[in-house]
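Quick notes on the structure that follows.
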Amino acid sequence: MSALEHPGIRKVADALPPATAERIVVLPDAVRTAAAAAEAVGVQAGAIANSLLFAAVRDGVAAPLLVLTSGAHRADTSLVAELVGADAVKRADPEFVREHTGQVIGGVSPVGHPAPIETLVDESLSGYEEIWAAAGHPHAVYPTTFAELVALTGGRVAVVSA
């Protein structure tokens with residue numbers, strides 16, 4: 001089986017426009033951090049769209065919240081909670097991530113999930129002509145644009161770090 005036939009990568013490829021899906025790159029090593037991904041594809045860490053799945057807690061009920069943040073900085077969970085009207089925003093555990101994305105931590109893509117996920121897209125990503133995102137597996141990434149990222153995810157553009 002080709003790496004591009006991996007079920008996680010295939011779901012992401014199917015969710016992308018064909019021209020973008022054709023540009024998925026399978027790397028020899030896992031790129032679980034923005035720094036590793038940036039080095040592997042030869043860009044600044046800020047051009048990496050980290051897909052961070054959080055549990056947004058409202059009235060005691062946790063719902064998935066995807067925050068696509070620039071690899072140049074961290075999401076401020078207090079600010080993010082305020083932006084989405086949550087009582088708290090907490091890091092999701094691996095089971096929660098897999099349940100809601102169908103993907104593993106380190107390979108979570110902005111797309112290809114079993115159901116739509118409320119998404120915030122870091123405004124600072126707009127400063128890059130090309131952005132790289134995970135493609136459903138820790139070894140796979142793809143290039144996209146800020147506009148395409150927002151359109152494909154149905155995300156809301158926001159400042160997610162203080």
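Identifiers in this document derive from the order of the structure tokens: chains are assigned A, B, ..., residues are numbered from 1 separately in each chain, and ligands are numbered from 1 in order of occurrence.
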Surrounding residues of segment 68-84 of chain A excluding itself and chain neighbours under 2 positions, 7 Å, only C-alpha atoms, as a PyMOL selection string:
chain A and resi 34+45-52+66+86-89+120-122+124-125+160-162
For Val31 of chain A, work out the shell of residues within 7 Å, counting only C-alpha atoms and skipping chain neighbours fewer than 4 positions away, then give it as a list in words.
Ala36, Ala37, Pro138 and His139 of chain A
Can you pull out every residue within 9 Å of Lys11 of chain A, counting only C-alpha atoms, but drop anything in the same chain fewer than 3 positions away, and send it as a ChimeraX atom specification?
/A:6-8,14-16,111-113,135-136
Quick one: of A:Ala35, A:Leu27, A:Ala115, A:Lys90, who's nearest to Val61 of chain A, counting only C-alpha atoms?
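Among the listed residues, the smallest separation from Val61 of chain A belongs to A:Lys90.
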Out of chain A, which residues get strand (DSSP E) from DSSP, as a ChimeraX atom specification?
/A:25-26,48-58,61-70,88-91,118-122,131-134,140-144,156-158
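Atom CA of Leu152 of chain A to atom CA of Val67 of chain A spans 13.8 Å [interatomic distance, one decimal].
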May I have all residues of segment 11-136 of chain A that DSSP, computed from the backbone, assigns to helix (DSSP H, G or I), given as a PyMOL selection string?
chain A and resi 11-15+18-21+34-41+45-47+77-84+94-101+123-127
